[in-house]
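**Student:** Got a structure for you, entry-v5.csv, holding CSV, C-alpha atoms and all ligand atoms.
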chain,number,residue,atom,x,y,z
K,1,MET,CA,-44.1,28.8,-11.1
K,2,ARG,CA,-43.1,32.2,-9.8
K,3,THR,CA,-42.7,34.8,-12.5
K,4,SER,CA,-43.4,38.4,-13.4
K,5,TYR,CA,-45.3,40.3,-16.1
K,6,SER,CA,-42.1,41.6,-17.6
K,7,ALA,CA,-40.8,38.0,-17.9
K,8,ILE,CA,-44.0,36.9,-19.6
K,9,ASP,CA,-43.7,39.9,-22.0
K,10,THR,CA,-40.1,39.1,-22.7
K,11,TYR,CA,-41.0,35.5,-23.6
K,12,ARG,CA,-43.7,36.7,-26.0
K,13,GLN,CA,-41.2,39.1,-27.7
K,14,CYS,CA,-38.4,36.5,-27.9
K,15,PRO,CA,-38.2,33.1,-26.2
K,16,GLN,CA,-34.4,33.0,-26.5
K,17,LYS,CA,-34.1,36.3,-24.5
K,18,TYR,CA,-36.4,34.9,-21.9
K,19,LYS,CA,-34.1,31.9,-21.6
K,20,PHE,CA,-31.0,33.9,-21.3
K,21,GLN,CA,-32.6,36.2,-18.7
K,22,ASN,CA,-34.8,33.9,-16.6
K,23,ILE,CA,-33.5,30.3,-17.0
K,24,ASP,CA,-29.7,30.7,-17.6
K,25,ARG,CA,-29.8,33.8,-15.5
K,26,ILE,CA,-27.1,35.5,-17.5
K,27,ARG,CA,-26.6,39.1,-16.4
K,28,VAL,CA,-25.6,41.7,-19.0
K,29,PRO,CA,-24.9,45.4,-18.6
K,30,LYS,CA,-27.9,47.7,-18.8
K,31,GLY,CA,-28.3,49.7,-22.0
K,32,ARG,CA,-28.4,53.5,-22.1
K,33,GLU,CA,-32.2,53.6,-22.3
K,34,ALA,CA,-32.6,51.3,-19.3
K,35,ILE,CA,-30.1,53.3,-17.2
K,36,PHE,CA,-32.0,56.5,-18.2
K,37,GLY,CA,-35.4,55.0,-17.5
K,38,THR,CA,-34.4,53.6,-14.1
K,39,LEU,CA,-33.0,57.0,-12.9
K,40,ILE,CA,-36.1,58.9,-14.1
K,41,HIS,CA,-38.3,56.4,-12.2
K,42,ALA,CA,-36.2,56.8,-9.1
K,43,THR,CA,-36.3,60.6,-9.4
K,44,LEU,CA,-40.1,60.6,-9.6
K,45,LYS,CA,-40.3,58.4,-6.5
K,46,PHE,CA,-38.1,61.0,-4.8
K,47,MET,CA,-40.5,63.8,-6.0
K,48,PHE,CA,-43.5,62.3,-4.3
K,49,THR,CA,-41.7,61.5,-1.1
K,50,SER,CA,-42.3,64.2,1.5
K,51,ASP,CA,-39.6,64.5,4.1
K,52,PRO,CA,-41.5,66.3,5.7
K,53,LEU,CA,-42.2,68.6,2.7
K,54,PHE,CA,-42.2,67.6,-0.9
K,55,PRO,CA,-39.1,68.6,-2.8
K,56,THR,CA,-39.1,71.7,-5.0
K,57,LEU,CA,-38.5,71.4,-8.7
K,58,ASP,CA,-34.8,72.5,-8.2
K,59,GLU,CA,-34.4,69.8,-5.6
K,60,VAL,CA,-35.9,67.2,-8.0
K,61,VAL,CA,-33.5,68.3,-10.8
K,62,ALA,CA,-30.6,68.3,-8.3
K,63,HIS,CA,-31.5,64.7,-7.3
K,64,PHE,CA,-31.4,63.7,-10.9
K,65,ARG,CA,-28.0,65.4,-11.5
K,66,GLU,CA,-26.5,63.9,-8.3
K,67,HIS,CA,-27.6,60.3,-9.3
K,68,TRP,CA,-26.6,60.6,-12.9
K,69,PRO,CA,-24.4,57.5,-13.5
K,70,GLY,CA,-20.7,57.8,-14.3
K,71,ARG,CA,-19.1,57.1,-17.7
K,72,GLU,CA,-18.4,53.5,-16.7
K,73,ALA,CA,-22.1,52.7,-16.5
K,74,PHE,CA,-22.7,53.9,-20.0
K,75,GLU,CA,-19.5,52.4,-21.3
K,76,ALA,CA,-20.3,48.9,-19.9
K,77,GLU,CA,-22.8,48.4,-22.8
K,78,SER,CA,-20.3,49.0,-25.6
K,79,LYS,CA,-17.5,47.0,-23.8
K,80,HIS,CA,-19.9,44.1,-23.7
K,81,ASP,CA,-21.2,44.5,-27.2
K,82,SER,CA,-18.4,45.3,-29.7
K,83,ARG,CA,-20.9,46.4,-32.3
K,84,LYS,CA,-22.3,49.2,-30.1
K,85,THR,CA,-20.5,52.5,-30.1
K,86,ALA,CA,-19.8,54.1,-26.8
K,87,LEU,CA,-22.1,57.0,-25.8
K,88,SER,CA,-20.3,60.2,-26.8
K,89,ALA,CA,-20.0,63.1,-24.4
K,90,GLU,CA,-22.5,65.1,-26.6
K,91,GLU,CA,-25.0,62.2,-26.6
K,92,GLU,CA,-24.7,61.8,-22.8
K,93,LYS,CA,-25.4,65.5,-22.4
K,94,ALA,CA,-28.4,65.2,-24.7
K,95,TYR,CA,-29.7,62.3,-22.6
K,96,PHE,CA,-29.2,64.3,-19.4
K,97,GLU,CA,-31.0,67.4,-20.8
K,98,GLU,CA,-33.8,65.3,-22.1
K,99,GLY,CA,-34.3,63.9,-18.6
K,100,VAL,CA,-34.3,67.4,-17.0
K,101,LYS,CA,-36.9,68.5,-19.7
K,102,MET,CA,-39.1,65.5,-18.9
K,103,LEU,CA,-38.9,66.2,-15.1
K,104,LYS,CA,-39.7,69.9,-15.5
K,105,LYS,CA,-42.6,69.2,-17.8
K,106,PHE,CA,-43.9,66.6,-15.3
K,107,TYR,CA,-43.5,68.8,-12.3
K,108,GLU,CA,-45.3,71.7,-13.9
K,109,LYS,CA,-48.4,69.6,-14.5
K,110,ASN,CA,-48.1,67.4,-11.4
K,111,ALA,CA,-47.1,69.4,-8.4
K,112,PRO,CA,-46.8,66.6,-5.7
K,113,TRP,CA,-48.9,68.3,-3.0
K,114,ASN,CA,-51.9,68.1,-5.3
K,115,PHE,CA,-52.1,64.3,-5.0
K,116,THR,CA,-52.8,61.8,-2.4
K,117,VAL,CA,-50.2,59.2,-3.1
K,118,LEU,CA,-50.8,55.9,-1.3
K,119,ASP,CA,-47.7,54.0,-2.4
K,120,LEU,CA,-44.7,54.3,-4.7
K,121,GLU,CA,-42.9,51.4,-6.4
K,122,SER,CA,-45.5,49.2,-4.9
K,123,ARG,CA,-44.8,45.5,-5.0
K,124,PHE,CA,-47.6,43.1,-5.5
K,125,GLU,CA,-48.2,39.4,-6.2
K,126,VAL,CA,-51.1,37.8,-8.0
K,127,VAL,CA,-51.9,34.1,-7.5
K,128,LEU,CA,-53.2,32.5,-10.6
K,129,ALA,CA,-54.7,29.0,-10.5
K,130,ASP,CA,-54.6,26.9,-13.6
K,131,GLU,CA,-57.8,24.8,-13.4
K,132,LYS,CA,-56.6,22.5,-16.1
K,133,THR,CA,-53.4,21.4,-14.5
K,134,GLY,CA,-54.3,22.2,-10.9
K,135,GLU,CA,-51.1,24.2,-10.5
K,136,THR,CA,-50.9,27.6,-8.9
K,137,HIS,CA,-48.6,30.3,-10.2
K,138,ILE,CA,-47.4,33.6,-8.6
K,139,LEU,CA,-47.0,36.7,-10.7
K,140,ALA,CA,-45.0,39.4,-9.1
K,141,GLY,CA,-44.7,43.0,-10.2
K,142,ILE,CA,-44.2,46.6,-9.2
K,143,MET,CA,-46.6,49.5,-9.7
K,144,ASP,CA,-44.9,52.9,-10.0
K,145,ARG,CA,-47.6,54.8,-8.1
K,146,ILE,CA,-51.0,54.3,-6.5
K,147,ASP,CA,-53.1,57.4,-5.8
K,148,LYS,CA,-56.4,57.9,-4.0
K,149,LEU,CA,-58.5,60.3,-6.0
K,150,PRO,CA,-60.8,63.0,-4.5
K,151,ASP,CA,-64.0,60.9,-5.3
K,152,GLY,CA,-62.7,58.0,-3.2
K,153,SER,CA,-61.6,55.9,-6.2
K,154,TYR,CA,-58.0,54.8,-6.9
K,155,GLU,CA,-55.5,55.3,-9.7
K,156,ILE,CA,-52.6,53.1,-10.7
K,157,ILE,CA,-50.0,55.1,-12.7
K,158,ASP,CA,-47.2,53.6,-14.7
K,159,TYR,CA,-44.5,56.0,-16.0
K,160,LYS,CA,-43.2,55.5,-19.6
K,161,THR,CA,-40.0,57.1,-21.0
K,162,ALA,CA,-40.6,55.6,-24.5
K,163,LYS,CA,-41.4,57.9,-27.4
K,164,ARG,CA,-44.3,55.9,-28.8
K,165,MET,CA,-47.8,56.4,-27.3
K,166,PRO,CA,-50.3,53.7,-27.9
K,167,ALA,CA,-53.8,54.3,-29.3
K,168,GLN,CA,-56.6,54.4,-26.7
K,169,THR,CA,-58.0,51.1,-28.0
K,170,ALA,CA,-54.7,49.3,-27.4
K,171,LEU,CA,-54.7,50.8,-23.9
K,172,ASP,CA,-58.1,49.3,-23.1
K,173,ASP,CA,-56.6,45.9,-23.9
K,174,ASN,CA,-53.4,46.5,-22.1
K,175,LEU,CA,-52.4,43.3,-20.3
K,176,GLN,CA,-49.9,45.0,-18.0
K,177,LEU,CA,-52.4,47.5,-16.7
K,178,SER,CA,-55.0,44.8,-16.3
K,179,LEU,CA,-52.5,42.8,-14.2
K,180,TYR,CA,-51.9,45.8,-12.1
K,181,SER,CA,-55.6,46.1,-11.3
K,182,LEU,CA,-55.5,42.4,-10.3
K,183,GLY,CA,-52.5,43.2,-8.1
K,184,LEU,CA,-54.3,46.1,-6.4
K,185,GLN,CA,-57.4,44.0,-5.7
K,186,THR,CA,-55.3,41.2,-4.3
K,187,ARG,CA,-53.6,43.6,-2.0
K,188,TRP,CA,-56.7,45.5,-1.0
K,189,PRO,CA,-59.6,43.1,-1.7
K,190,HIS,CA,-62.2,45.7,-0.6
K,191,ILE,CA,-61.5,47.8,-3.7
K,192,LYS,CA,-64.0,47.2,-6.5
K,193,PRO,CA,-62.6,47.0,-10.1
K,194,GLU,CA,-65.0,49.9,-11.1
K,195,ASP,CA,-63.2,52.1,-8.6
K,196,ILE,CA,-59.8,51.7,-10.2
K,197,ALA,CA,-58.4,53.9,-13.0
K,198,LEU,CA,-55.4,52.5,-14.9
K,199,SER,CA,-53.0,55.1,-16.4
K,200,LEU,CA,-49.9,55.2,-18.4
K,201,TYR,CA,-48.0,58.5,-18.1
K,202,PHE,CA,-45.9,59.3,-21.2
K,203,LEU,CA,-43.2,61.6,-19.8
K,204,LYS,CA,-41.7,62.6,-23.1
K,205,HIS,CA,-45.1,63.9,-24.2
K,206,GLY,CA,-46.3,65.0,-20.8
K,207,GLU,CA,-49.5,63.1,-21.5
K,208,LYS,CA,-51.5,60.6,-19.5
K,209,LEU,CA,-53.7,57.9,-21.0
K,210,SER,CA,-56.2,56.2,-18.8
K,211,THR,CA,-58.6,53.3,-18.9
K,212,ARG,CA,-60.8,51.2,-16.5
K,213,PRO,CA,-60.4,47.5,-15.9
K,214,ASN,CA,-62.9,45.4,-17.7
K,215,THR,CA,-63.9,41.8,-17.1
K,216,ALA,CA,-63.1,40.7,-20.6
K,217,THR,CA,-59.5,42.1,-20.5
K,218,THR,CA,-58.9,40.7,-17.0
K,219,LEU,CA,-60.0,37.2,-18.2
K,220,LYS,CA,-57.9,37.6,-21.3
K,221,THR,CA,-54.9,38.6,-19.2
K,222,LYS,CA,-55.3,35.5,-17.0
K,223,GLU,CA,-55.6,33.2,-20.0
K,224,HIS,CA,-52.7,34.8,-21.8
K,225,ILE,CA,-50.5,34.4,-18.7
K,226,LEU,CA,-51.5,30.8,-18.0
K,227,ARG,CA,-51.1,29.9,-21.6
K,228,THR,CA,-47.6,31.4,-21.7
K,229,ILE,CA,-46.6,29.7,-18.5
K,230,ALA,CA,-47.8,26.4,-19.8
K,231,GLU,CA,-45.8,26.9,-23.0
K,232,ILE,CA,-42.6,27.7,-21.0
K,233,GLN,CA,-43.0,24.8,-18.7
K,234,GLU,CA,-43.6,22.4,-21.6
K,235,LYS,CA,-40.4,23.7,-23.3
K,236,ILE,CA,-38.4,23.2,-20.2
K,237,ARG,CA,-39.9,19.7,-19.6
K,238,SER,CA,-39.3,18.5,-23.1
K,239,ASN,CA,-36.0,20.3,-23.4
K,240,LYS,CA,-37.3,22.2,-26.4
K,241,GLU,CA,-35.5,25.1,-28.0
K,242,PHE,CA,-36.3,28.7,-26.9
K,243,GLU,CA,-36.0,30.0,-30.4
K,244,PRO,CA,-34.7,33.6,-31.0
K,245,MET,CA,-37.1,36.0,-32.7
K,246,PRO,CA,-35.0,38.7,-34.3
K,247,SER,CA,-36.8,42.1,-34.5
K,248,ALA,CA,-36.1,45.8,-34.1
K,249,LEU,CA,-35.9,45.1,-30.4
K,250,CYS,CA,-32.6,43.3,-30.8
K,251,ASN,CA,-31.0,46.8,-31.0
K,252,TRP,CA,-31.7,47.1,-27.3
K,253,CYS,CA,-31.0,43.5,-26.3
K,254,GLY,CA,-27.9,42.9,-24.2
K,255,TYR,CA,-27.8,39.2,-25.3
K,256,ARG,CA,-27.0,40.0,-29.0
K,257,PRO,CA,-23.3,38.9,-28.9
K,258,MET,CA,-24.3,35.5,-27.6
K,259,CYS,CA,-27.6,35.1,-29.4
K,260,PRO,CA,-27.8,32.3,-32.1
K,261,ALA,CA,-29.4,34.8,-34.4
K,262,TRP,CA,-26.6,37.3,-34.2
K,263,LYS,CA,-23.4,35.8,-32.8
K,264,HIS,CA,-22.0,34.9,-36.3
K,265,LEU,CA,-21.8,38.7,-36.9
K,266,TYR,CA,-19.5,38.9,-33.9
K,267,LYS,CA,-17.5,35.8,-34.6
K,268,ARG,CA,-16.5,37.2,-38.0
K,269,THR,CA,-13.8,39.1,-36.3
K,270,LYS,CA,-12.4,36.0,-34.7
K,271,ASN,CA,-11.4,32.6,-36.1
K,272,LEU,CA,-14.4,30.4,-36.5
K,273,GLU,CA,-14.0,27.0,-35.0
K,274,LEU,CA,-15.3,24.8,-37.8
K,275,ARG,CA,-14.2,26.8,-40.8
K,276,THR,CA,-11.9,29.7,-41.2
K,277,LYS,CA,-13.4,33.2,-41.7
K,278,ASP,CA,-12.2,33.2,-45.3
K,279,GLU,CA,-13.8,29.9,-46.1
K,280,MET,CA,-17.1,30.9,-44.6
K,281,ASP,CA,-17.0,34.3,-46.3
K,282,ALA,CA,-16.5,32.6,-49.6
K,283,ILE,CA,-19.5,30.2,-49.0
K,284,VAL,CA,-21.8,33.1,-48.0
K,285,LYS,CA,-20.6,35.2,-51.0
K,286,GLU,CA,-21.3,32.4,-53.4
K,287,TYR,CA,-24.7,31.8,-51.9
K,288,PHE,CA,-25.7,35.4,-52.4
K,289,GLU,CA,-24.3,35.4,-56.0
K,290,ILE,CA,-26.4,32.4,-56.9
K,291,LYS,CA,-29.4,34.0,-55.2
K,292,LYS,CA,-28.9,37.2,-57.2
K,293,ALA,CA,-28.5,35.2,-60.4
K,294,GLU,CA,-31.6,33.2,-59.6
K,295,GLN,CA,-33.7,36.4,-59.2
K,296,LYS,CA,-32.3,37.8,-62.4
K,297,ASN,CA,-32.9,34.6,-64.3
K,298,GLU,CA,-36.5,34.4,-63.0
K,299,VAL,CA,-37.2,37.8,-64.5
K,300,ARG,CA,-35.6,37.0,-67.8
K,301,LEU,CA,-37.4,33.6,-68.0
K,302,LYS,CA,-40.7,35.4,-67.7
K,303,GLU,CA,-39.8,37.8,-70.5
K,304,LEU,CA,-38.7,34.9,-72.8
K,305,GLN,CA,-41.9,33.0,-71.9
K,306,GLU,CA,-44.0,35.9,-73.0
K,307,GLN,CA,-42.1,36.2,-76.3
K,308,ILE,CA,-42.5,32.5,-77.0
K,309,LYS,CA,-46.2,32.6,-76.1
K,310,ASP,CA,-46.7,35.5,-78.5
K,311,TYR,CA,-44.9,33.7,-81.3
K,312,MET,CA,-46.9,30.5,-80.8
K,313,ARG,CA,-50.2,32.4,-80.7
K,314,GLN,CA,-49.4,34.3,-83.9
K,315,GLU,CA,-48.2,31.2,-85.7
K,316,GLY,CA,-50.9,28.9,-84.3
K,317,LEU,CA,-48.3,26.5,-82.6
K,318,THR,CA,-48.4,24.5,-79.5
K,319,ARG,CA,-44.7,23.5,-79.6
K,320,VAL,CA,-41.5,25.1,-80.8
K,321,PHE,CA,-38.2,23.3,-81.4
K,322,GLY,CA,-34.7,24.4,-80.7
K,323,GLU,CA,-31.3,22.7,-80.8
K,324,GLN,CA,-31.5,22.3,-77.0
K,325,GLY,CA,-35.0,20.8,-76.9
K,326,ILE,CA,-38.7,21.3,-77.2
K,327,ILE,CA,-40.9,23.9,-75.5
K,328,SER,CA,-44.6,22.9,-75.3
K,329,GLN,CA,-47.6,24.9,-74.3
K,330,LYS,CA,-50.8,23.4,-73.0
K,331,THR,CA,-53.9,24.8,-71.5
K,332,ILE,CA,-54.8,23.6,-68.1
K,333,GLN,CA,-58.3,23.9,-66.8
K,334,ARG,CA,-59.2,24.1,-63.1
K,335,TYR,CA,-62.8,23.2,-62.1
K,336,GLU,CA,-65.1,24.4,-59.5
K,337,TYR,CA,-67.4,21.8,-58.1
K,338,ASP,CA,-71.0,22.2,-57.0
K,339,PHE,CA,-70.5,20.7,-53.5
K,340,GLU,CA,-74.2,20.7,-52.6
K,341,LYS,CA,-74.8,18.5,-55.7
K,342,ILE,CA,-71.8,16.3,-54.8
K,343,ARG,CA,-73.0,15.9,-51.3
K,344,SER,CA,-76.3,14.7,-52.5
K,345,LEU,CA,-74.6,12.2,-54.7
K,346,LEU,CA,-71.9,10.9,-52.3
K,347,SER,CA,-73.9,10.9,-49.0
K,348,PRO,CA,-76.3,8.1,-50.0
K,349,ILE,CA,-73.3,5.8,-50.9
K,350,GLY,CA,-71.4,6.7,-47.6
K,351,ARG,CA,-68.4,8.4,-49.3
K,352,TRP,CA,-69.1,12.1,-48.5
K,353,GLU,CA,-67.1,12.2,-45.2
K,354,GLU,CA,-64.0,11.0,-47.0
K,355,ILE,CA,-63.6,14.1,-49.0
K,356,LEU,CA,-64.1,16.5,-46.0
K,357,LYS,CA,-60.5,17.3,-45.3
K,358,ALA,CA,-59.6,19.5,-42.3
K,359,ASP,CA,-58.3,22.9,-43.5
K,360,GLU,CA,-55.5,24.4,-41.3
K,361,THR,CA,-55.7,27.9,-42.8
K,362,LYS,CA,-59.4,28.1,-42.1
K,363,LEU,CA,-58.8,26.7,-38.6
K,364,LYS,CA,-56.2,29.5,-37.9
K,365,LYS,CA,-58.8,32.1,-39.0
K,366,ILE,CA,-61.6,30.8,-36.8
K,367,MET,CA,-59.2,30.4,-33.8
K,368,LYS,CA,-59.2,34.2,-33.4
K,369,GLU,CA,-63.0,34.2,-33.2
K,370,ILE,CA,-63.9,31.2,-31.0
K,371,PRO,CA,-64.2,31.2,-27.2
K,372,ALA,CA,-60.8,31.0,-25.4
K,373,SER,CA,-61.7,27.7,-23.6
K,374,ILE,CA,-62.3,25.9,-27.0
K,375,ARG,CA,-59.2,27.6,-28.4
K,376,ASN,CA,-57.1,26.3,-25.5
K,377,GLU,CA,-58.5,22.8,-26.0
K,378,ILE,CA,-57.6,22.9,-29.7
K,379,GLU,CA,-54.1,24.1,-28.9
K,380,ASN,CA,-53.6,21.4,-26.4
K,381,ALA,CA,-54.7,18.8,-29.0
K,382,ARG,CA,-52.1,19.8,-31.6
K,383,LYS,CA,-48.8,18.1,-32.0
K,384,VAL,CA,-45.7,18.7,-34.1
K,385,SER,CA,-46.1,16.5,-37.2
K,386,LYS,CA,-43.0,17.6,-39.1
K,387,GLU,CA,-40.1,19.9,-38.2
K,388,TYR,CA,-37.8,21.3,-40.8
K,389,THR,CA,-35.4,24.2,-41.2
K,390,VAL,CA,-35.9,26.8,-43.8
K,391,MET,CA,-33.3,29.2,-44.9
K,392,SER,CA,-33.9,32.8,-46.0
K,393,ALA,CA,-31.5,35.4,-47.4
K,394,SER,CA,-31.8,39.1,-47.1
K,395,PHE,CA,-29.7,41.5,-49.2
K,396,LYS,CA,-29.9,44.0,-46.4
K,397,LYS,CA,-26.5,44.8,-44.8
K,398,PRO,CA,-26.3,44.1,-41.1
P,1,LIG,S1,-30.8,39.6,-29.8
P,1,LIG,FE1,-32.9,39.6,-30.6
P,1,LIG,S2,-33.2,37.5,-31.1
P,1,LIG,FE2,-31.4,37.5,-29.8
P,1,LIG,S3,-32.2,37.2,-27.7
P,1,LIG,FE3,-32.1,39.4,-28.0
P,1,LIG,S4,-34.1,39.9,-28.7
P,1,LIG,FE4,-33.9,37.7,-29.0
Starting from the file, lay out its structure as structure tokens.
Ligand code: SF4

**Tutor:**
Amino acid sequence: MRTSYSAIDTYRQCPQKYKFQNIDRIRVPKGREAIFGTLIHATLKFMFTSDPLFPTLDEVVAHFREHWPGREAFEAESKHDSRKTALSAEEEKAYFEEGVKMLKKFYEKNAPWNFTVLDLESRFEVVLADEKTGETHILAGIMDRIDKLPDGSYEIIDYKTAKRMPAQTALDDNLQLSLYSLGLQTRWPHIKPEDIALSLYFLKHGEKLSTRPNTATTLKTKEHILRTIAEIQEKIRSNKEFEPMPSALCNWCGYRPMCPAWKHLYKRTKNLELRTKDEMDAIVKEYFEIKKAEQKNEVRLKELQEQIKDYMRQEGLTRVFGEQGIISQKTIQRYEYDFEKIRSLLSPIGRWEEILKADETKLKKIMKEIPASIRNEIENARKVSKEYTVMSASFKKP
């Protein structure tokens, strides 16, 4: 299978999005953040390209201004997704100014002539062999920048336009960076892992976080990728569902109008095929009314139980009678057994094994702690025993 880190990451975030993007190959207009991020990346590439001199800060800003997309690029998103409002002229101006601020901050700290840049937007491929299946997979990706440092080592830099900066511990475990180090070593096999620095540059903050590749993370990256590929292939083979996983990320997902987790919200403005909008509205309304009444009743039931219990305790009763029926109270005792003792009694008669039941909750807990090879074997040995649909209701307004 040929794939990329971002595809693997998308699958982990939401299998349905992965399917839309990589299997159905449905193209949707880029969101404002993606348009902005792409242009910032392109401008930083321009900044480190000497022709024959490196551009000045004014030239960098001018490049950003000249390539700023037209209104249509920003409007495409709201035309495609009726629940998204079009970017207003003020918002667009704020985006543009934010970009200029980022670039200025970056240029001040990173004058291009101070670095030995080896490659920009550098494409790489990593070949991963799955020993279990005998298959070989190719993972492609792009590294924003590769520098040679004064001490002879190398640095891979990935630019981030996001607001959130991860903690250093999360960076040490970063799968994307770890894959980049594999990519660099594949491309230039003479480079040793200890001679590579892996950095994320947070443009909004003007801060760079760095780490070094380590064998444990590299192994984990390979396992994670192979496990994900195997899961995707299995789903395709057995025609299984790529289930949607709604989260805050849906706000930035271009597939929302066609996603099974959201499309009803969009259909509400049109006629539904199976039921009219009014019919469906009435069903959902009644469902929520019953849910609400259920919650209210549950609270009241508890209060009444307490009052009845108090009354029984004071009057020394175990049952009370009303016209509608009888309410009884009985004490239930739960026991704790001494299992060492029980083992000594049941083992000699060969019945001990029968009561040792596998415990799934405990298994899930130890899965996080056991070696990956055993974990994979266990995962491969599992099978779906029962599949059912659960329904949940949230009083939150979409
Ligand atoms: S809208 Fe959300 S749930 Fe649907 S595909 Fe996109 S990320 Fe997944």

**Student:** Which residues of chain K sit at most 7 Å from ligand LIG 1 (chain P), using all atoms listed in the file? Give each one's shortest atom pair and distance in Å (one decimal place), in chain and ascending residue order, as CSV.

**Tutor:**
residue,atom,partner,partner_atom,distance
K:Cys14,CA,P:LIG1,FE4,4.8
K:Pro15,CA,P:LIG1,FE4,6.9
K:Gln16,CA,P:LIG1,S3,4.9
K:Lys17,CA,P:LIG1,S3,3.8
K:Pro244,CA,P:LIG1,S2,4.2
K:Met245,CA,P:LIG1,S2,4.5
K:Pro246,CA,P:LIG1,S2,3.9
K:Ser247,CA,P:LIG1,FE1,6.1
K:Leu249,CA,P:LIG1,S4,5.8
K:Cys250,CA,P:LIG1,FE1,3.7
K:Cys253,CA,P:LIG1,FE3,4.6
K:Gly254,CA,P:LIG1,FE3,6.7
K:Tyr255,CA,P:LIG1,FE3,5.1
K:Arg256,CA,P:LIG1,S1,3.9
K:Cys259,CA,P:LIG1,FE2,4.5
K:Pro260,CA,P:LIG1,FE2,6.7
K:Ala261,CA,P:LIG1,FE2,5.7
K:Trp262,CA,P:LIG1,S1,6.5

**Student:** Restricting the calculation to only C-alpha atoms: of K:Phe46, K:Phe321, K:Arg83, K:Gly70, which residue gets closest to Pro257 of chain K?

**Tutor:**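 Using only C-alpha atoms, the shortest distance to Pro257 of chain K belongs to K:Arg83.
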
**Student:** What is the distance between atom CA of His190 of chain K and atom CA of Val127 of chain K, in Å to one decimal?

**Tutor:**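 These atoms are spaced 17.0 Å apart.
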
**Student:** Calculated over only C-alpha atoms, which of the candidates K:Pro371, K:Gly322, K:Gly134, K:Pro193 has the smallest distance to Leu226 of chain K?

**Tutor:**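 Result for the nearest residue to Leu226 of chain K: K:Gly134.
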
**Student:** Taking a cut-off of 12 Å and counting only C-alpha atoms, can you build a table that, for each residue of segment 211-260 of chain K near segment 375-382 of chain K, reports the nearest atom pair and how far apart they are in Å (one decimal), sorted by chain then residue number, as a Markdown table?

**Tutor:**
| residue | atom | partner | partner_atom | distance |
| --- | --- | --- | --- | --- |
| K:Glu223 | CA | K:Asn376 | CA | 9.0 |
| K:His224 | CA | K:Asn376 | CA | 10.3 |
| K:Leu226 | CA | K:Asn376 | CA | 10.4 |
| K:Arg227 | CA | K:Asn376 | CA | 8.0 |
| K:Thr228 | CA | K:Asn376 | CA | 11.4 |
| K:Ala230 | CA | K:Asn380 | CA | 10.1 |
| K:Glu231 | CA | K:Asn380 | CA | 10.1 |
| K:Glu234 | CA | K:Asn380 | CA | 11.1 |

**Student:** Calculate how many Å separate atom CA of Lys101 of chain K from atom CA of Asp81 of chain K, rounding to one decimal.

**Tutor:**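 Separating atom CA of Lys101 of chain K from atom CA of Asp81 of chain K is a distance of 29.6 Å.
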
**Student:** Could you give me, as a list in words, the residues within 9 Å of Val100 of chain K, counting all atoms listed in the file and dropping anything in the same chain fewer than 3 positions from it?

**Tutor:**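 My reading of the contact set: Val61, Phe64, Arg65, Tyr95, Phe96, Glu97, Leu103, Lys104 and Lys105 of chain K.
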
**Student:** Report as a Markdown table: every residue of segment 59-120 of chain K with an atom at most 12 Å from segment 32-36 of chain K, its closest pair of atoms, and their distance in Å to one decimal, counting all atoms listed in the file, with rows sorted by chain and ascending residue number.

**Tutor:**
| residue | atom | partner | partner_atom | distance |
| --- | --- | --- | --- | --- |
| K:Phe64 | CA | K:Phe36 | CA | 10.3 |
| K:Arg65 | CA | K:Phe36 | CA | 11.8 |
| K:His67 | CA | K:Phe36 | CA | 10.6 |
| K:Trp68 | CA | K:Phe36 | CA | 8.6 |
| K:Pro69 | CA | K:Ile35 | CA | 8.0 |
| K:Gly70 | CA | K:Ile35 | CA | 10.8 |
| K:Arg71 | CA | K:Arg32 | CA | 10.9 |
| K:Glu72 | CA | K:Arg32 | CA | 11.4 |
| K:Ala73 | CA | K:Ile35 | CA | 8.1 |
| K:Phe74 | CA | K:Arg32 | CA | 6.1 |
| K:Glu75 | CA | K:Arg32 | CA | 9.0 |
| K:Ala76 | CA | K:Arg32 | CA | 9.6 |
| K:Glu77 | CA | K:Arg32 | CA | 7.6 |
| K:Ser78 | CA | K:Arg32 | CA | 9.9 |
| K:Lys84 | CA | K:Arg32 | CA | 10.9 |
| K:Thr85 | CA | K:Arg32 | CA | 11.3 |
| K:Ala86 | CA | K:Arg32 | CA | 9.8 |
| K:Leu87 | CA | K:Arg32 | CA | 8.1 |
| K:Ser88 | CA | K:Arg32 | CA | 11.5 |
| K:Glu91 | CA | K:Arg32 | CA | 10.4 |
| K:Glu92 | CA | K:Arg32 | CA | 9.1 |
| K:Lys93 | CA | K:Phe36 | CA | 11.9 |
| K:Ala94 | CA | K:Phe36 | CA | 11.4 |
| K:Tyr95 | CA | K:Phe36 | CA | 7.6 |
| K:Phe96 | CA | K:Phe36 | CA | 8.4 |
| K:Glu97 | CA | K:Phe36 | CA | 11.3 |
| K:Glu98 | CA | K:Phe36 | CA | 9.8 |
| K:Gly99 | CA | K:Phe36 | CA | 7.8 |
| K:Val100 | CA | K:Phe36 | CA | 11.2 |
| K:Met102 | CA | K:Phe36 | CA | 11.5 |

**Student:** Which value, in Å to one decimal, gives the distance between atom CA of Tyr5 of chain K and atom CA of Tyr180 of chain K?

**Tutor:**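 Rounded to one decimal, the two atoms are 9.5 Å apart.
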
**Student:** Which is closest to Val117 of chain K among K:Trp252, K:Tyr154, K:Tyr311, K:Tyr201, if we use all atoms listed in the file?

**Tutor:**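 For Val117 of chain K, the nearest of the candidates is K:Tyr154.
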
**Student:** Could you check which of K:Glu125, K:Gly206, K:Thr169, K:Ser6 is closest to Arg187 of chain K, using all atoms listed in the file?

**Tutor:** K:Glu125
